[in-house]
Structures are given as C-alpha cells and as structure tokens.
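A.B. asks: Next up, model.txt (compact mmCIF, C-alpha atoms).
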```txt
# COMPACT_ATOMS: atom_id res chain seq x y z
CA MET A 1 136.32 79.28 159.19
CA ASP A 2 134.82 82.29 160.97
CA ILE A 3 132.52 82.96 158.04
CA VAL A 4 130.65 79.72 158.74
CA PHE A 5 129.81 80.61 162.32
CA GLN A 6 129.66 84.42 162.36
CA THR A 7 126.58 86.47 161.62
CA TRP A 8 126.75 87.21 157.90
CA PRO A 9 126.99 90.94 157.18
CA TRP A 10 124.00 92.70 155.63
CA TYR A 11 125.76 93.51 152.36
CA VAL A 12 126.67 89.85 151.73
CA SER A 13 123.24 88.57 152.78
CA GLY A 14 121.30 91.19 150.82
CA PHE A 15 123.36 90.51 147.70
CA LEU A 16 122.76 86.75 147.96
CA ILE A 17 119.00 87.24 148.46
CA GLY A 18 118.96 89.44 145.34
CA LEU A 19 120.80 86.69 143.42
CA ILE A 20 118.31 84.05 144.62
CA MET A 21 115.46 86.12 143.21
CA LEU A 22 117.32 86.61 139.90
CA CYS A 23 118.09 82.90 139.80
CA LEU A 24 114.38 82.03 139.99
CA ILE A 25 113.64 84.59 137.26
CA TYR A 26 116.29 82.90 135.12
CA PHE A 27 114.54 79.58 135.75
CA GLY A 28 111.38 81.18 134.33
CA LYS A 29 109.73 81.46 137.76
CA SER A 30 109.29 84.15 140.38
CA PHE A 31 110.34 84.62 143.98
CA GLY A 32 107.36 84.51 146.34
CA MET A 33 107.04 82.50 149.50
CA SER A 34 103.46 83.18 150.58
CA SER A 35 101.93 81.61 147.43
CA ASN A 36 102.97 78.27 148.91
CA LEU A 37 100.39 78.76 151.67
CA ARG A 38 97.71 78.81 148.98
CA SER A 39 99.11 75.65 147.37
CA MET A 40 99.10 73.90 150.75
CA CYS A 41 95.43 74.86 151.29
CA THR A 42 94.64 73.40 147.88
CA ILE A 43 96.54 70.18 148.63
CA MET A 44 94.49 69.82 151.81
CA GLY A 45 91.30 69.97 149.75
CA ALA A 46 90.22 73.63 150.04
CA GLY A 47 89.55 73.71 146.27
CA LYS A 48 86.43 71.58 146.61
CA ARG A 49 84.46 74.34 148.25
CA THR A 50 86.29 77.55 147.39
CA ALA A 51 87.07 78.66 143.83
CA PHE A 52 90.22 80.54 144.91
CA PHE A 53 91.85 77.23 145.79
CA ASP A 54 90.55 75.36 142.76
CA PHE A 55 93.73 75.52 140.69
CA ASP A 56 96.37 73.09 139.50
CA TRP A 57 98.81 73.22 142.41
CA LYS A 58 101.22 70.98 140.53
CA GLU A 59 102.24 74.03 138.50
CA GLN A 60 103.48 75.42 141.79
CA ARG A 61 105.30 72.24 142.80
CA TRP A 62 108.69 73.83 142.06
CA ASN A 63 107.92 76.46 144.73
CA LEU A 64 107.15 73.77 147.30
CA VAL A 65 110.54 72.23 146.47
CA VAL A 66 112.11 75.63 147.22
CA VAL A 67 110.32 75.50 150.59
CA ALA A 68 111.70 72.00 151.25
CA GLY A 69 115.19 73.26 150.40
CA ALA A 70 114.75 76.27 152.69
CA MET A 71 113.73 74.00 155.57
CA LEU A 72 116.81 71.88 154.97
CA GLY A 73 118.97 75.02 154.82
CA GLY A 74 117.50 76.21 158.12
CA PHE A 75 118.22 72.84 159.70
CA VAL A 76 121.85 72.84 158.54
CA ALA A 77 122.50 76.49 159.44
CA VAL A 78 121.03 76.21 162.94
CA ASN A 79 122.58 72.86 163.81
CA PHE A 80 126.00 73.12 162.20
CA MET A 81 126.71 76.81 161.54
CA SER A 82 125.67 78.53 164.77
CA ASP A 83 127.69 80.18 167.48
CA PRO A 84 126.86 81.79 170.85
CA SER A 85 128.07 85.12 169.43
CA ASN A 86 125.12 85.18 166.99
CA VAL A 87 122.12 87.53 167.16
CA ASP A 88 124.22 90.30 168.67
CA ILE A 89 121.43 92.87 168.78
CA ASN A 90 121.53 96.39 170.15
CA PRO A 91 121.95 96.37 173.98
CA LYS A 92 119.16 98.98 174.15
CA THR A 93 116.83 96.49 172.48
CA ILE A 94 117.78 93.81 175.01
CA GLU A 95 117.10 96.22 177.86
CA GLN A 96 113.70 97.12 176.40
CA LEU A 97 112.78 93.46 175.97
CA ALA A 98 113.76 92.73 179.57
CA HIS A 99 111.03 95.17 180.66
CA PHE A 100 108.49 93.04 178.78
CA GLY A 101 109.89 89.88 180.42
CA ILE A 102 111.44 88.65 177.16
CA ASP A 103 114.77 86.84 177.46
CA ALA A 104 117.97 88.12 175.77
CA PRO A 105 119.17 86.23 172.66
CA ASN A 106 122.57 84.89 173.83
CA GLY A 107 122.99 83.26 170.43
CA LYS A 108 119.36 82.10 170.12
CA LEU A 109 117.36 83.09 167.04
CA VAL A 110 114.01 83.40 168.86
CA PRO A 111 113.08 84.14 172.48
CA ASP A 112 111.95 81.31 174.74
CA ALA A 113 109.29 83.62 176.15
CA LEU A 114 107.44 83.43 172.81
CA PHE A 115 108.68 80.24 171.14
CA GLY A 116 109.92 77.95 173.91
CA ASN A 117 108.08 74.65 174.25
CA ALA A 118 106.38 75.99 177.40
CA VAL A 119 104.26 78.04 175.01
CA PHE A 120 102.19 74.93 174.25
CA GLN A 121 100.92 75.07 177.84
CA SER A 122 100.01 78.74 177.78
CA LEU A 123 96.77 79.93 176.21
CA LYS A 124 98.17 83.44 175.83
CA GLY A 125 101.31 82.09 174.16
CA ILE A 126 99.33 79.96 171.72
CA LEU A 127 96.96 82.84 170.91
CA ILE A 128 99.83 85.23 170.15
CA LEU A 129 101.38 82.80 167.64
CA LEU A 130 98.01 81.85 166.17
CA VAL A 131 96.78 85.43 165.70
CA GLY A 132 100.18 86.45 164.31
CA GLY A 133 100.00 83.61 161.80
CA LEU A 134 96.42 84.47 160.91
CA LEU A 135 97.36 88.09 160.15
CA ILE A 136 100.32 86.93 158.08
CA GLY A 137 98.28 84.44 156.05
CA PHE A 138 95.30 86.70 155.46
CA GLY A 139 97.37 89.85 154.93
CA THR A 140 99.81 88.36 152.43
CA ARG A 141 97.09 86.84 150.27
CA TYR A 142 94.99 90.03 150.39
CA ALA A 143 98.04 92.09 149.43
CA GLY A 144 99.09 89.44 146.89
CA GLY A 145 102.56 88.87 148.34
CA CYS A 146 104.88 89.10 151.32
CA THR A 147 108.41 90.32 151.89
CA SER A 148 109.78 88.16 149.06
CA GLY A 149 107.00 88.80 146.54
CA HIS A 150 106.52 92.54 147.13
CA ALA A 151 109.52 93.99 148.99
CA ILE A 152 112.19 92.10 147.05
CA SER A 153 110.64 90.96 143.72
CA GLY A 154 108.12 93.78 143.29
CA LEU A 155 110.35 96.69 144.26
CA SER A 156 113.22 95.26 142.17
CA ASN A 157 110.87 95.49 139.19
CA LEU A 158 109.84 99.03 140.23
CA GLN A 159 106.19 98.13 140.84
CA VAL A 160 104.07 100.88 142.42
CA PRO A 161 101.55 98.39 143.93
CA SER A 162 104.46 96.70 145.72
CA LEU A 163 105.58 100.03 147.12
CA LYS A 164 102.09 100.54 148.57
CA ALA A 165 102.17 97.06 150.08
CA VAL A 166 105.64 97.54 151.57
CA ILE A 167 104.69 100.89 153.10
CA GLY A 168 101.66 99.04 154.49
CA PHE A 169 103.96 96.35 155.96
CA PHE A 170 105.85 99.02 157.87
CA ILE A 171 102.75 100.94 158.99
CA GLY A 172 101.35 97.68 160.40
CA GLY A 173 104.70 96.69 161.89
CA LEU A 174 105.18 100.03 163.63
CA ILE A 175 101.61 100.02 164.99
CA MET A 176 102.30 96.57 166.45
CA ALA A 177 105.75 97.45 167.82
CA TYR A 178 104.81 100.78 169.41
CA PHE A 179 101.13 100.48 170.37
CA ILE A 180 99.91 96.90 170.53
CA PHE A 181 103.01 94.98 171.67
CA PRO A 182 103.35 96.99 174.93
CA LEU A 183 99.69 96.20 175.70
CA ILE A 184 100.21 92.47 175.25
CA PHE A 185 103.39 92.21 177.37
CA MET B 186 118.26 68.07 137.88
CA LYS B 187 114.97 69.85 137.12
CA VAL B 188 113.82 69.55 140.71
CA LEU B 189 117.28 69.63 142.20
CA LYS B 190 117.96 73.21 141.14
CA TYR B 191 114.92 74.41 143.09
CA LEU B 192 115.98 72.40 146.10
CA LEU B 193 119.43 73.97 145.87
CA VAL B 194 118.07 77.53 145.55
CA GLY B 195 115.81 76.89 148.54
CA PHE B 196 118.72 75.43 150.51
CA VAL B 197 120.87 78.51 149.89
CA PHE B 198 117.89 80.72 150.76
CA GLY B 199 117.46 78.89 154.07
CA ILE B 200 121.15 79.23 154.93
CA VAL B 201 121.37 82.91 153.96
CA LEU B 202 118.22 83.88 155.88
CA THR B 203 119.42 82.01 158.96
CA LYS B 204 123.03 83.24 158.83
CA SER B 205 121.91 86.83 158.19
CA GLU B 206 119.49 86.33 161.12
CA ALA B 207 116.59 87.66 159.04
CA VAL B 208 114.67 84.68 160.49
CA SER B 209 115.30 85.97 164.00
CA TRP B 210 112.39 87.42 165.96
CA TYR B 211 114.94 89.66 167.70
CA ARG B 212 116.17 91.17 164.42
CA ILE B 213 112.63 92.03 163.33
CA TYR B 214 111.85 93.62 166.69
CA GLU B 215 115.12 95.57 166.54
CA MET B 216 114.28 96.71 163.01
CA PHE B 217 110.87 98.07 163.98
CA GLN B 218 112.49 99.87 166.93
CA PHE B 219 115.01 101.46 164.48
CA GLN B 220 117.81 100.23 166.73
CA SER B 221 119.91 98.61 164.03
CA PHE B 222 120.71 99.12 160.37
CA HIS B 223 121.19 95.38 159.79
CA MET B 224 117.74 94.42 158.43
CA TYR B 225 117.37 97.65 156.44
CA GLY B 226 120.79 96.98 154.91
CA ILE B 227 119.78 93.45 153.89
CA ILE B 228 116.50 94.58 152.30
CA MET B 229 118.08 97.55 150.50
CA VAL B 230 121.03 95.58 149.09
CA ALA B 231 118.68 92.77 147.97
CA ILE B 232 116.47 95.29 146.15
CA GLY B 233 119.50 97.10 144.69
CA THR B 234 120.90 93.82 143.38
CA GLY B 235 117.45 92.94 142.00
CA ILE B 236 116.96 96.29 140.25
CA ILE B 237 120.36 96.08 138.55
CA GLY B 238 119.86 92.41 137.60
CA ILE B 239 116.38 92.97 136.17
CA GLN B 240 117.60 95.99 134.17
CA ILE B 241 120.44 93.87 132.74
CA ILE B 242 117.94 91.13 131.83
CA LYS B 243 115.53 93.59 130.19
CA ARG B 244 118.10 95.63 128.28
CA ASN B 245 119.92 92.63 126.89
CA ASN B 246 116.81 90.54 126.25
CA ILE B 247 118.38 87.70 128.20
CA LYS B 248 116.57 84.39 127.73
CA ASP B 249 115.65 82.06 130.52
CA ILE B 250 117.09 78.59 131.13
CA LYS B 251 114.82 77.08 128.45
CA GLY B 252 115.73 79.78 125.92
CA LEU B 253 112.39 81.55 126.27
CA PRO B 254 112.16 85.35 126.64
CA ILE B 255 111.96 86.44 130.27
CA GLU B 256 108.71 88.22 131.01
CA ILE B 257 108.14 89.53 134.51
CA ALA B 258 104.44 90.12 135.06
CA ASP B 259 103.43 93.53 136.41
CA LYS B 260 101.50 93.55 139.69
CA GLU B 261 97.78 94.20 139.25
CA PRO B 262 96.85 97.84 139.69
CA GLY B 263 94.88 98.67 142.81
CA SER B 264 95.20 100.31 146.17
CA ILE B 265 92.94 99.05 148.93
CA ARG B 266 94.20 95.47 148.81
CA TYR B 267 97.82 96.62 148.98
CA TRP B 268 97.32 99.08 151.83
CA VAL B 269 94.96 96.97 153.97
CA GLY B 270 96.57 93.62 153.19
CA GLY B 271 100.00 95.15 153.74
CA ILE B 272 99.06 96.63 157.12
CA LEU B 273 97.49 93.35 158.31
CA PHE B 274 100.60 91.44 157.26
CA GLY B 275 102.82 94.02 158.97
CA LEU B 276 100.91 93.59 162.25
CA GLY B 277 101.52 89.84 162.12
CA TRP B 278 105.12 90.20 160.98
CA ALA B 279 106.05 92.44 163.92
CA LEU B 280 104.21 90.21 166.42
CA VAL B 281 105.70 86.82 165.55
CA GLY B 282 108.82 88.17 163.86
CA ALA B 283 108.56 85.90 160.85
CA CYS B 284 107.26 86.30 157.34
CA PRO B 285 106.32 83.21 155.28
CA GLY B 286 109.90 82.31 154.20
CA PRO B 287 111.26 82.29 157.77
CA ILE B 288 108.21 80.32 158.98
CA TYR B 289 109.32 77.36 156.83
CA ILE B 290 112.99 77.87 157.64
CA LEU B 291 112.44 77.96 161.41
CA LEU B 292 110.23 74.91 161.21
CA GLY B 293 112.98 73.05 159.33
CA ALA B 294 115.43 74.15 162.02
CA GLY B 295 113.23 72.45 164.61
CA PHE B 296 111.38 75.30 166.35
CA TRP B 297 108.16 73.37 166.81
CA SER B 298 106.09 76.24 168.18
CA ILE B 299 106.29 77.77 164.69
CA LEU B 300 103.75 75.10 163.72
CA ILE B 301 101.14 77.22 165.49
CA VAL B 302 102.13 80.21 163.34
CA LEU B 303 102.04 78.05 160.19
CA PHE B 304 98.60 76.73 161.13
CA GLY B 305 97.40 80.31 161.68
CA ALA B 306 98.89 81.41 158.35
CA LEU B 307 97.20 78.56 156.47
CA PHE B 308 93.90 79.36 158.14
CA GLY B 309 94.34 83.07 157.32
CA THR B 310 95.03 82.20 153.68
CA TYR B 311 91.94 80.01 153.68
CA LEU B 312 89.78 82.82 155.14
CA TYR B 313 91.00 85.16 152.42
CA GLY B 314 90.03 82.60 149.78
CA VAL B 315 86.56 82.29 151.26
CA PHE B 316 85.90 86.03 151.56
CA LYS B 317 87.86 87.17 148.49
CA ASP B 318 84.82 88.20 146.42
CA LYS B 319 83.35 90.22 149.28
CA LEU B 320 86.52 92.23 149.91
CA PRO B 321 87.37 95.52 148.17
CA HIS B 322 90.56 95.17 146.11
```
Is it possible to give me this structure as structure tokens?
C.D. replies:
Amino acid sequence: MDIVFQTWPWYVSGFLIGLIMLCLIYFGKSFGMSSNLRSMCTIMGAGKRTAFFDFDWKEQRWNLVVVAGAMLGGFVAVNFMSDPSNVDINPKTIEQLAHFGIDAPNGKLVPDALFGNAVFQSLKGILILLVGGLLIGFGTRYAGGCTSGHAISGLSNLQVPSLKAVIGFFIGGLIMAYFIFPLIF
Amino acid sequence: MKVLKYLLVGFVFGIVLTKSEAVSWYRIYEMFQFQSFHMYGIIMVAIGTGIIGIQIIKRNNIKDIKGLPIEIADKEPGSIRYWVGGILFGLGWALVGACPGPIYILLGAGFWSILIVLFGALFGTYLYGVFKDKLPH
C-alpha cells in the first residue's frame, strides 16, 4: 500500500488533474477555483452595493460543492494518507530556508514558521498571510483566473490571454522569491 | 447524484493536490527556486492531458453529460488585466505558497492559519469588484 502514503509522482498527479478538468468540461462546466471567492463575496451580501457581485450565485453552486469535496479530500489525505517521508524537497532548498529561519518539512506540508498556530500571536505573521491572500484574491479576479482557470484550463484550450496571465504568474512569483522574500525574512 | 458527482470530483482533486504536494508551501518555494522538476512536471502533464482531451472533444463533437454540444468559451481578449493581474497573483502565490484551490484544501485539512489567507483573498476579490470599472483591462 505504498501508493497511499508515498508522494505521488508528477506524471500521475498531472494526468489526474488534467482528467479532473476534462471531467468538469464533460459535466458542461469549467475548471476554475478562484471564481468561488466571488460567489462567497456575493453570499455574504457584497451584491447589494457592488454590481460585480450582483449575480445569481446559485448558478455557481456546483463549484462550491467542488470546493466542499476538495476540503474533504484534503482532510482525508492529510489525516489518513500521510507519511513522514513526504515533502522530500531538494536539500539545497532546505539549507536556503534554514538561513531565513524557516523549519525543514520533515513530512509537513507547510512550515510552522509561517503557518503554525503561533502565527496568530505575531503581527508580522498575520500580515504576511493577509497580504498574500489579498494579492491572490485581487490578482486572480483582475486576471480572470488562477492556476486552474488559466494555467490548466486556459492553456489546455490554447488561449493566448491565459499564456499572458501564466507568464505574469511566474514574473510575480520570481520577483517575490528572489527580491521581496529575502527582505521579509 | 447531480450534486454528488461534483463532490466526488472535488474530493479527488483534494486528494491529488495533497498527495502530489502541490498544496505544499515548500513545493511552491522549491519551484520558484528552480530546485525541482516536480511542480513543473505536474503542470506540464496536466496541460498536455488537457490539450489532447480537448482536441478529442472538439474533433469528435463529443456531447456533454446532458447530450448538449460542448462549447468552451474563449478568454476575453486583452493584455493589461492578464499581465498586471497575473503578476499580482504570482506575488501572493510565491509568498503564501497556495493558490485558491490549495487554500480550500489546506483549510479542510485543518491548517487554521489558512483562514487568514482566505480572509485576505475574499477581501482582495471584493476590492477588485469595487474598483473594477476604474481599472484598465
């Protein structure tokens, strides 16, 4: 039963993600995770004051069910399918992170330095997560999609706008990784 | 069954993204440092599978589950929104190591601090909605 606990190889995972997108197309829908953020804003009443949120979110209910399923999947995979051998990243990466005071994975998906519960008591820690989220929410809606909507769905359908967005994702990501991240840590 | 199939697709998505470690902050950091092929492999195989699947659908006029023709809408033409929005998203993605899918998945897995990221993402989405008409697209 190694396959349950091991890290799944990229070719298996990539293939399954491609199939998930095709599955949603077959259901007459599309694969896009960030649109759910808009639906959630609408559910919380944002449509009363802002036209962008004044839409029938019930048409997007199926997508919120996908989110619920994904949360359940995450719960099962982390609690019942994990192993200390997981997240076996490049030793060079671990060394680099140690310089920034970020703990090595040792089977964990996310570092305690950024996501441990101690973060709730640190203004810097809260601000990092909040600003990161803000950039993700604003950026995906401005660009009209995220990794699922543009990188996977859009590029699979050979869309030039998606290529621009994905190149943008990597420009932004590299600026953060090489220039801003070392300033923060 | 109508709802169940979406729950099932989401469930598989959550498992695959966790088991492939695409939800891991470490994997995203490693990707942007070009220190592993893992994430690039996942993205490229997913796109390759998608391209082949969509070509099969288009060339054979495959119908959807309700028997209706499958039409995949083209993305709106434009440039500024894709470049600027993309870069802003990329900055956030590399900082917190999660895109929207993994935000939900990690929350389901019980990483409570992700709630702060989700709150930020909802607020960011809201700000876009408010300023949409003033932004160049």
A.B. asks: In Å, with one decimal, what is the gap from atom CA of Val65 of chain A to atom CA of Pro9 of chain A?
C.D. replies: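 Answer for the atom CA of Val65 of chain A to atom CA of Pro9 of chain A separation: 27.1 Å.
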A.B. asks: Just checking: using all atoms listed in the file, which residue out of B:Ala207, B:Met216, B:Ile200, B:Ile265 ends up closest to chain A?
C.D. replies: B:Ile200
A.B. asks: Show me which bits of chain A are within 6 Å of chain B, counting all atoms listed in the file, as a ChimeraX atom specification.
C.D. replies: /A:7-8,10,13-15,17-18,26-28,33-34,37,52,65-66,69-75,77,109-110,115,129-130,132-140,142-143,152,156,164-165,168-173,176
A.B. asks: List the spatial neighbours of segment 53-61 of chain A as a list in words - criterion: any atom at most 8 Å away, only C-alpha atoms, same-chain residues fewer than 5 positions off excluded.
C.D. replies: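 What passes the distance filter is Asn36, Arg38, Ser39, Cys41, Thr42, Ile43, Ala46, Gly47 and Lys48 of chain A; Gly314 of chain B.
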A.B. asks: Just want the 8 Å neighbourhood of Gly125 of chain A, counted on all atoms listed in the file, with same-chain residues fewer than 5 positions away dropped. Output as a list in words.
C.D. replies: Leu114, Val119 and Phe120 of chain A
A.B. asks: Using the file's own x, y and z axes, what box holds all listed atoms of segment 212-230 of chain B with 8 Å on each side, keeping edges along x, y and z, and what are its centre and edge lengths in Å to one decimal, as JSON?
C.D. replies:
```
{"center_x": 116.0, "center_y": 96.3, "center_z": 158.0, "size_x": 26.3, "size_y": 26.3, "size_z": 33.8}
```
A.B. asks: Under the rule that all atoms listed in the file are counted, which of A:Ser35, A:Asn86, A:Ser153, A:Gln6 is the nearest residue to Gly107 of chain A?
C.D. replies: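 Selected residue with least distance to Gly107 of chain A: A:Asn86.
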A.B. asks: How would you write as a ChimeraX atom specification the residues that get within 7 Å of (103.2, 93.5, 145.2) in the file's frame, counting only C-alpha atoms?
C.D. replies: /A:143-145,149-150,154,161-162,165 /B:260
A.B. asks: Atom CA of Phe100 of chain A to atom CA of Gln121 of chain A: how many Å, to one decimal?
C.D. replies: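 Computed distance, atom CA of Phe100 of chain A to atom CA of Gln121 of chain A, equals 19.5 Å.
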A.B. asks: Taking 4 positions as the minimum chain separation for residues in the same chain, which residues sit within 9 Å of Asn106 of chain A when counting all atoms listed in the file? Answer as JSON, numbers by chain.
C.D. replies: {"A": [84, 85, 86, 87, 88]}
A.B. asks: So which one's closest to Lys92 of chain A, A:Asn117, A:Val12, A:Ala104, A:Ala151? Using only C-alpha atoms, please.
C.D. replies: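 Of A:Asn117, A:Val12, A:Ala104, A:Ala151, the one nearest Lys92 of chain A, counting only C-alpha atoms, is A:Ala104.
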